[in-house]
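Data file: model-v5.pdb. Format and content: PDB, C-alpha atoms, pLDDT in the B column.
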ATOM      1  CA  MET A 251       0.000   0.000   0.000  1.00 95.00           C
ATOM      2  CA  LYS A 252       1.328   3.423  -1.030  1.00 98.00           C
ATOM      3  CA  ILE A 253       0.363   6.343   1.179  1.00 98.00           C
ATOM      4  CA  ILE A 254       1.723   9.871   1.128  1.00 98.00           C
ATOM      5  CA  ILE A 255       1.681  12.501   3.836  1.00 98.00           C
ATOM      6  CA  ILE A 256       1.452  15.998   2.385  1.00 98.00           C
ATOM      7  CA  ASN A 257       2.126  18.915   4.720  1.00 97.00           C
ATOM      8  CA  GLY A 258       1.486  22.536   3.895  1.00 97.00           C
ATOM      9  CA  PRO A 259       2.917  25.863   4.978  1.00 94.00           C
ATOM     10  CA  ASN A 260       4.977  26.259   8.134  1.00 89.00           C
ATOM     11  CA  LEU A 261       4.826  22.578   9.022  1.00 92.00           C
ATOM     12  CA  ASN A 262       8.498  22.363   8.085  1.00 91.00           C
ATOM     13  CA  LEU A 263       9.057  24.258  11.360  1.00 88.00           C
ATOM     14  CA  LEU A 264       7.540  21.594  13.620  1.00 82.00           C
ATOM     15  CA  GLY A 265       9.628  21.197  16.734  1.00 80.00           C
ATOM     16  CA  GLN A 266      10.613  24.879  16.607  1.00 79.00           C
ATOM     17  CA  ARG A 267       7.360  26.703  15.848  1.00 73.00           C
ATOM     18  CA  GLU A 268       5.078  27.313  18.824  1.00 72.00           C
ATOM     19  CA  PRO A 269       6.093  24.105  20.593  1.00 70.00           C
ATOM     20  CA  GLU A 270       3.431  24.639  23.268  1.00 72.00           C
ATOM     21  CA  LEU A 271       0.859  24.161  20.487  1.00 70.00           C
ATOM     22  CA  TYR A 272       2.626  21.822  18.056  1.00 68.00           C
ATOM     23  CA  GLY A 273       5.129  19.977  20.242  1.00 69.00           C
ATOM     24  CA  TYR A 274       8.906  19.686  20.263  1.00 76.00           C
ATOM     25  CA  GLN A 275       9.436  16.925  17.695  1.00 83.00           C
ATOM     26  CA  SER A 276      10.386  17.676  14.103  1.00 86.00           C
ATOM     27  CA  PHE A 277       8.202  16.100  11.469  1.00 90.00           C
ATOM     28  CA  GLU A 278      11.193  14.372   9.916  1.00 91.00           C
ATOM     29  CA  SER A 279      11.953  12.462  13.120  1.00 90.00           C
ATOM     30  CA  TYR A 280       8.258  11.648  13.555  1.00 94.00           C
ATOM     31  CA  PHE A 281       8.069  10.419   9.957  1.00 96.00           C
ATOM     32  CA  THR A 282      10.996   8.060  10.592  1.00 96.00           C
ATOM     33  CA  SER A 283       9.161   6.603  13.577  1.00 94.00           C
ATOM     34  CA  LEU A 284       6.018   6.150  11.448  1.00 95.00           C
ATOM     35  CA  GLN A 285       8.023   4.252   8.844  1.00 96.00           C
ATOM     36  CA  THR A 286       9.378   1.988  11.580  1.00 95.00           C
ATOM     37  CA  SER A 287       5.911   1.421  13.068  1.00 95.00           C
ATOM     38  CA  PHE A 288       4.325   0.624   9.683  1.00 95.00           C
ATOM     39  CA  PRO A 289       6.970  -1.375   7.785  1.00 95.00           C
ATOM     40  CA  ASN A 290       4.414  -2.898   5.389  1.00 95.00           C
ATOM     41  CA  VAL A 291       3.336   0.525   4.082  1.00 97.00           C
ATOM     42  CA  GLU A 292       5.248   2.326   1.361  1.00 97.00           C
ATOM     43  CA  LEU A 293       5.110   5.686   3.090  1.00 98.00           C
ATOM     44  CA  HIS A 294       6.064   8.899   1.293  1.00 98.00           C
ATOM     45  CA  TYR A 295       6.325  12.471   2.520  1.00 98.00           C
ATOM     46  CA  PHE A 296       6.089  15.869   0.836  1.00 98.00           C
ATOM     47  CA  GLN A 297       6.040  19.364   2.341  1.00 98.00           C
ATOM     48  CA  SER A 298       5.719  22.743   0.681  1.00 98.00           C
ATOM     49  CA  ASN A 299       4.913  26.276   1.695  1.00 97.00           C
ATOM     50  CA  ILE A 300       3.608  26.934  -1.829  1.00 98.00           C
ATOM     51  CA  GLU A 301      -0.045  26.288  -2.678  1.00 98.00           C
ATOM     52  CA  GLY A 302       0.597  25.360  -6.317  1.00 98.00           C
ATOM     53  CA  GLU A 303       3.219  22.786  -5.355  1.00 98.00           C
ATOM     54  CA  LEU A 304       0.739  21.136  -2.987  1.00 98.00           C
ATOM     55  CA  ILE A 305      -1.840  20.972  -5.788  1.00 98.00           C
ATOM     56  CA  ASP A 306       0.760  19.566  -8.207  1.00 98.00           C
ATOM     57  CA  LYS A 307       1.658  16.804  -5.722  1.00 98.00           C
ATOM     58  CA  ILE A 308      -2.008  15.965  -5.051  1.00 98.00           C
ATOM     59  CA  GLN A 309      -2.586  15.632  -8.804  1.00 98.00           C
ATOM     60  CA  GLU A 310       0.627  13.623  -9.278  1.00 98.00           C
ATOM     61  CA  VAL A 311      -0.285  10.931  -6.725  1.00 98.00           C
ATOM     62  CA  GLY A 312      -4.062  11.271  -6.816  1.00 98.00           C
ATOM     63  CA  PHE A 313      -4.681   8.390  -9.197  1.00 98.00           C
ATOM     64  CA  SER A 314      -1.935   5.951  -8.212  1.00 98.00           C
ATOM     65  CA  PHE A 315      -1.581   5.988  -4.409  1.00 98.00           C
ATOM     66  CA  GLN A 316      -3.996   4.265  -2.046  1.00 97.00           C
ATOM     67  CA  GLY A 317      -4.168   7.187   0.364  1.00 98.00           C
ATOM     68  CA  ILE A 318      -3.234  10.799   1.001  1.00 98.00           C
ATOM     69  CA  ILE A 319      -2.897  12.207   4.502  1.00 98.00           C
ATOM     70  CA  LEU A 320      -3.131  15.963   4.095  1.00 98.00           C
ATOM     71  CA  ASN A 321      -2.379  18.713   6.571  1.00 97.00           C
ATOM     72  CA  ALA A 322      -2.705  21.783   4.376  1.00 96.00           C
ATOM     73  CA  GLY A 323      -1.983  24.115   7.298  1.00 92.00           C
ATOM     74  CA  ALA A 324      -3.543  27.534   6.853  1.00 89.00           C
ATOM     75  CA  TYR A 325      -4.451  26.696   3.243  1.00 94.00           C
ATOM     76  CA  THR A 326      -7.155  24.467   4.729  1.00 94.00           C
ATOM     77  CA  HIS A 327      -9.132  27.596   5.529  1.00 86.00           C
ATOM     78  CA  THR A 328      -8.378  29.622   2.401  1.00 90.00           C
ATOM     79  CA  SER A 329      -7.707  27.409  -0.621  1.00 95.00           C
ATOM     80  CA  VAL A 330     -10.646  26.588  -2.826  1.00 97.00           C
ATOM     81  CA  ALA A 331      -8.051  25.321  -5.328  1.00 97.00           C
ATOM     82  CA  ILE A 332      -6.744  22.606  -2.958  1.00 98.00           C
ATOM     83  CA  GLY A 333     -10.329  21.570  -2.216  1.00 97.00           C
ATOM     84  CA  ASP A 334     -10.990  21.339  -5.960  1.00 97.00           C
ATOM     85  CA  ALA A 335      -7.821  19.279  -6.491  1.00 98.00           C
ATOM     86  CA  ILE A 336      -9.006  16.754  -3.906  1.00 97.00           C
ATOM     87  CA  LYS A 337     -12.427  16.595  -5.529  1.00 97.00           C
ATOM     88  CA  ALA A 338     -10.804  15.884  -8.913  1.00 98.00           C
ATOM     89  CA  ILE A 339      -8.740  12.834  -7.867  1.00 98.00           C
ATOM     90  CA  THR A 340      -9.676   9.246  -7.069  1.00 98.00           C
ATOM     91  CA  THR A 341      -7.241   8.612  -4.192  1.00 98.00           C
ATOM     92  CA  PRO A 342      -8.991   9.058  -0.826  1.00 98.00           C
ATOM     93  CA  VAL A 343      -7.758  11.888   1.384  1.00 98.00           C
ATOM     94  CA  VAL A 344      -7.808  12.145   5.166  1.00 98.00           C
ATOM     95  CA  GLU A 345      -7.484  15.721   6.418  1.00 97.00           C
ATOM     96  CA  VAL A 346      -5.420  16.034   9.586  1.00 97.00           C
ATOM     97  CA  HIS A 347      -4.570  18.832  11.980  1.00 91.00           C
ATOM     98  CA  ILE A 348      -2.186  18.679  14.905  1.00 91.00           C
ATOM     99  CA  SER A 349      -4.078  21.224  16.981  1.00 80.00           C
ATOM    100  CA  ASN A 350      -7.811  21.401  17.611  1.00 79.00           C
ATOM    101  CA  THR A 351      -8.693  24.006  15.005  1.00 76.00           C
ATOM    102  CA  PHE A 352     -12.105  24.513  16.634  1.00 60.00           C
ATOM    103  CA  SER A 353     -10.493  25.751  19.839  1.00 61.00           C
ATOM    104  CA  ARG A 354      -8.600  28.419  17.914  1.00 70.00           C
ATOM    105  CA  GLU A 355      -9.559  31.521  15.926  1.00 71.00           C
ATOM    106  CA  SER A 356     -12.959  31.350  14.219  1.00 76.00           C
ATOM    107  CA  PHE A 357     -11.486  31.535  10.696  1.00 67.00           C
ATOM    108  CA  ARG A 358      -9.863  28.144  11.399  1.00 66.00           C
ATOM    109  CA  HIS A 359     -13.297  26.543  11.810  1.00 70.00           C
ATOM    110  CA  GLN A 360     -13.829  26.574   8.004  1.00 81.00           C
ATOM    111  CA  SER A 361     -12.234  23.902   5.791  1.00 92.00           C
ATOM    112  CA  PHE A 362     -12.277  23.761   2.010  1.00 92.00           C
ATOM    113  CA  ILE A 363     -10.820  20.244   2.247  1.00 94.00           C
ATOM    114  CA  SER A 364     -13.323  18.510   4.548  1.00 93.00           C
ATOM    115  CA  PRO A 365     -16.233  18.328   2.064  1.00 94.00           C
ATOM    116  CA  ASN A 366     -14.101  16.218  -0.285  1.00 95.00           C
ATOM    117  CA  ALA A 367     -12.162  14.199   2.294  1.00 97.00           C
ATOM    118  CA  LYS A 368     -12.743  10.614   3.396  1.00 96.00           C
ATOM    119  CA  GLY A 369     -12.474  11.874   6.984  1.00 96.00           C
ATOM    120  CA  VAL A 370     -10.986  14.470   9.290  1.00 97.00           C
ATOM    121  CA  ILE A 371      -8.752  13.970  12.345  1.00 97.00           C
ATOM    122  CA  ILE A 372      -8.195  17.038  14.484  1.00 94.00           C
ATOM    123  CA  GLY A 373      -6.378  17.821  17.699  1.00 90.00           C
ATOM    124  CA  PHE A 374      -4.396  14.714  18.627  1.00 92.00           C
ATOM    125  CA  GLY A 375      -0.965  16.190  18.023  1.00 90.00           C
ATOM    126  CA  LEU A 376       1.323  14.231  15.742  1.00 94.00           C
ATOM    127  CA  LYS A 377      -0.713  11.140  16.648  1.00 95.00           C
ATOM    128  CA  SER A 378      -3.310  12.528  14.182  1.00 95.00           C
ATOM    129  CA  TYR A 379      -1.131  11.251  11.318  1.00 96.00           C
ATOM    130  CA  GLU A 380      -0.923   7.765  12.818  1.00 96.00           C
ATOM    131  CA  LEU A 381      -4.700   7.675  13.272  1.00 97.00           C
ATOM    132  CA  ALA A 382      -5.147   8.698   9.635  1.00 97.00           C
ATOM    133  CA  LEU A 383      -2.723   6.004   8.520  1.00 97.00           C
ATOM    134  CA  GLU A 384      -4.601   3.390  10.524  1.00 96.00           C
ATOM    135  CA  SER A 385      -7.864   4.495   8.904  1.00 96.00           C
ATOM    136  CA  PHE A 386      -6.476   3.458   5.517  1.00 96.00           C
ATOM    137  CA  LEU A 387      -5.217   0.126   6.807  1.00 94.00           C
ATOM    138  CA  LYS A 388      -8.520  -0.786   8.433  1.00 88.00           C
ATOM    139  CA  SER A 389     -10.854   0.181   5.613  1.00 69.00           C
TER
END
Structure rendered as structure tokens:
Amino acid sequence: MKIIIINGPNLNLLGQREPELYGYQSFESYFTSLQTSFPNVELHYFQSNIEGELIDKIQEVGFSFQGIILNAGAYTHTSVAIGDAIKAITTPVVEVHISNTFSRESFRHQSFISPNAKGVIIGFGLKSYELALESFLKS
């Protein structure tokens, strides 16, 4: 099974950025632990701060992978284009967020991804990615 994790803007700063909200672990070290925990999954990772690059990657893998785990960061709340890209592909997408977006500013309560996603996992820290991964393995 081929699954990709796609992270959006500022998630390259995990471990440094607002650690009280996002934790102290870098995503790269977390990703290595995910690969170790799920050795039977061909797990890929992509991160970009650029909306168009995220859309390009979604389109690139959106017909050949078995799952996409997407944390589009702030683009979740602003990008109709990313929502449209997800609607256009056949690969199922699970939207994830490290923090509970509903306990934050009201603009973070809107998602342009959720209507086209298989599911949404919010607020469990980095564990959100593992829960998303398990959702693909158990479906």
key: Separation of CA of His347 (chain A) from CA of Asn260 (chain A), in Å and rounded to one decimal   =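 Interatomic distance, CA of His347 (chain A) to CA of Asn260 (chain A): 12.7 Å.
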request  = Determine the nearest neighbour of Thr351 (chain A) from the options A:Tyr280, A:Phe386, A:Glu270, A:Phe374, counting all atoms listed in the file.
outcome  =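 Among A:Tyr280, A:Phe386, A:Glu270, A:Phe374, it is A:Phe374 that comes nearest to Thr351 (chain A).
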task = Please provide the set of residues having any atom within 12 Å of Leu271 (chain A), restricted to all atoms listed in the file, with same-chain residues fewer than 3 positions apart removed, written as a VMD selection string.
result = chain A and resid 264 to 268 274 to 275 347 to 351 353 to 354 373 to 376
Distance in Å - CA of Glu355 (chain A) versus CA of Ala335 (chain A) =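 Computing it gives 25.6 Å between the two atoms.
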task = Would you mind listing what lies within 8 Å of Met251 (chain A) as a ChimeraX atom specification, with only C-alpha atoms counted and same-chain residues fewer than 2 positions away left out?
result = /A:253,290-292,315-316
Have region 354-369 of chain A completed to N, CA, C and O atoms, please, and pass it along as an mmCIF file, in the frame of the given file.
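result.cif, freshly written:
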data_model
loop_
_atom_site.group_PDB
_atom_site.id
_atom_site.type_symbol
_atom_site.label_atom_id
_atom_site.label_comp_id
_atom_site.auth_asym_id
_atom_site.auth_seq_id
_atom_site.Cartn_x
_atom_site.Cartn_y
_atom_site.Cartn_z
ATOM 1 N N ARG A 354 -9.433 27.275 18.301
ATOM 2 C CA ARG A 354 -8.600 28.419 17.914
ATOM 3 C C ARG A 354 -9.462 29.505 17.266
ATOM 4 O O ARG A 354 -10.676 29.513 17.429
ATOM 5 N N GLU A 355 -8.843 30.405 16.541
ATOM 6 C CA GLU A 355 -9.559 31.521 15.926
ATOM 7 C C GLU A 355 -10.701 31.009 15.040
ATOM 8 O O GLU A 355 -10.605 29.955 14.437
ATOM 9 N N SER A 356 -11.758 31.795 14.940
ATOM 10 C CA SER A 356 -12.959 31.350 14.219
ATOM 11 C C SER A 356 -12.690 31.083 12.739
ATOM 12 O O SER A 356 -13.338 30.217 12.149
ATOM 13 N N PHE A 357 -11.751 31.797 12.117
ATOM 14 C CA PHE A 357 -11.486 31.535 10.696
ATOM 15 C C PHE A 357 -10.944 30.131 10.476
ATOM 16 O O PHE A 357 -11.057 29.577 9.383
ATOM 17 N N ARG A 358 -10.383 29.505 11.522
ATOM 18 C CA ARG A 358 -9.863 28.144 11.399
ATOM 19 C C ARG A 358 -10.966 27.080 11.502
ATOM 20 O O ARG A 358 -10.698 25.896 11.375
ATOM 21 N N HIS A 359 -12.189 27.494 11.707
ATOM 22 C CA HIS A 359 -13.297 26.543 11.810
ATOM 23 C C HIS A 359 -13.802 26.121 10.428
ATOM 24 O O HIS A 359 -14.546 25.157 10.314
ATOM 25 N N GLN A 360 -13.436 26.859 9.383
ATOM 26 C CA GLN A 360 -13.829 26.574 8.004
ATOM 27 C C GLN A 360 -12.761 25.727 7.323
ATOM 28 O O GLN A 360 -11.573 26.007 7.464
ATOM 29 N N SER A 361 -13.171 24.701 6.584
ATOM 30 C CA SER A 361 -12.234 23.902 5.791
ATOM 31 C C SER A 361 -12.778 23.730 4.386
ATOM 32 O O SER A 361 -13.928 23.329 4.197
ATOM 33 N N PHE A 362 -11.929 24.019 3.404
ATOM 34 C CA PHE A 362 -12.277 23.761 2.010
ATOM 35 C C PHE A 362 -11.884 22.346 1.597
ATOM 36 O O PHE A 362 -12.177 21.919 0.490
ATOM 37 N N ILE A 363 -11.255 21.617 2.508
ATOM 38 C CA ILE A 363 -10.820 20.244 2.247
ATOM 39 C C ILE A 363 -11.869 19.245 2.727
ATOM 40 O O ILE A 363 -12.183 18.269 2.036
ATOM 41 N N SER A 364 -12.408 19.464 3.901
ATOM 42 C CA SER A 364 -13.323 18.510 4.548
ATOM 43 C C SER A 364 -14.450 17.994 3.658
ATOM 44 O O SER A 364 -14.731 16.794 3.683
ATOM 45 N N PRO A 365 -15.112 18.845 2.865
ATOM 46 C CA PRO A 365 -16.233 18.328 2.064
ATOM 47 C C PRO A 365 -15.832 17.243 1.060
ATOM 48 O O PRO A 365 -16.675 16.463 0.627
ATOM 49 N N ASN A 366 -14.567 17.189 0.701
ATOM 50 C CA ASN A 366 -14.101 16.218 -0.285
ATOM 51 C C ASN A 366 -13.200 15.149 0.313
ATOM 52 O O ASN A 366 -12.643 14.327 -0.418
ATOM 53 N N ALA A 367 -13.050 15.151 1.619
ATOM 54 C CA ALA A 367 -12.162 14.199 2.294
ATOM 55 C C ALA A 367 -12.935 12.957 2.742
ATOM 56 O O ALA A 367 -14.137 13.016 3.011
ATOM 57 N N LYS A 368 -12.194 11.857 2.848
ATOM 58 C CA LYS A 368 -12.743 10.614 3.396
ATOM 59 C C LYS A 368 -13.097 10.811 4.869
ATOM 60 O O LYS A 368 -14.073 10.255 5.377
ATOM 61 N N GLY A 369 -12.276 11.605 5.568
ATOM 62 C CA GLY A 369 -12.474 11.874 6.984
ATOM 63 C C GLY A 369 -11.558 12.974 7.455
ATOM 64 O O GLY A 369 -10.690 13.428 6.706
#
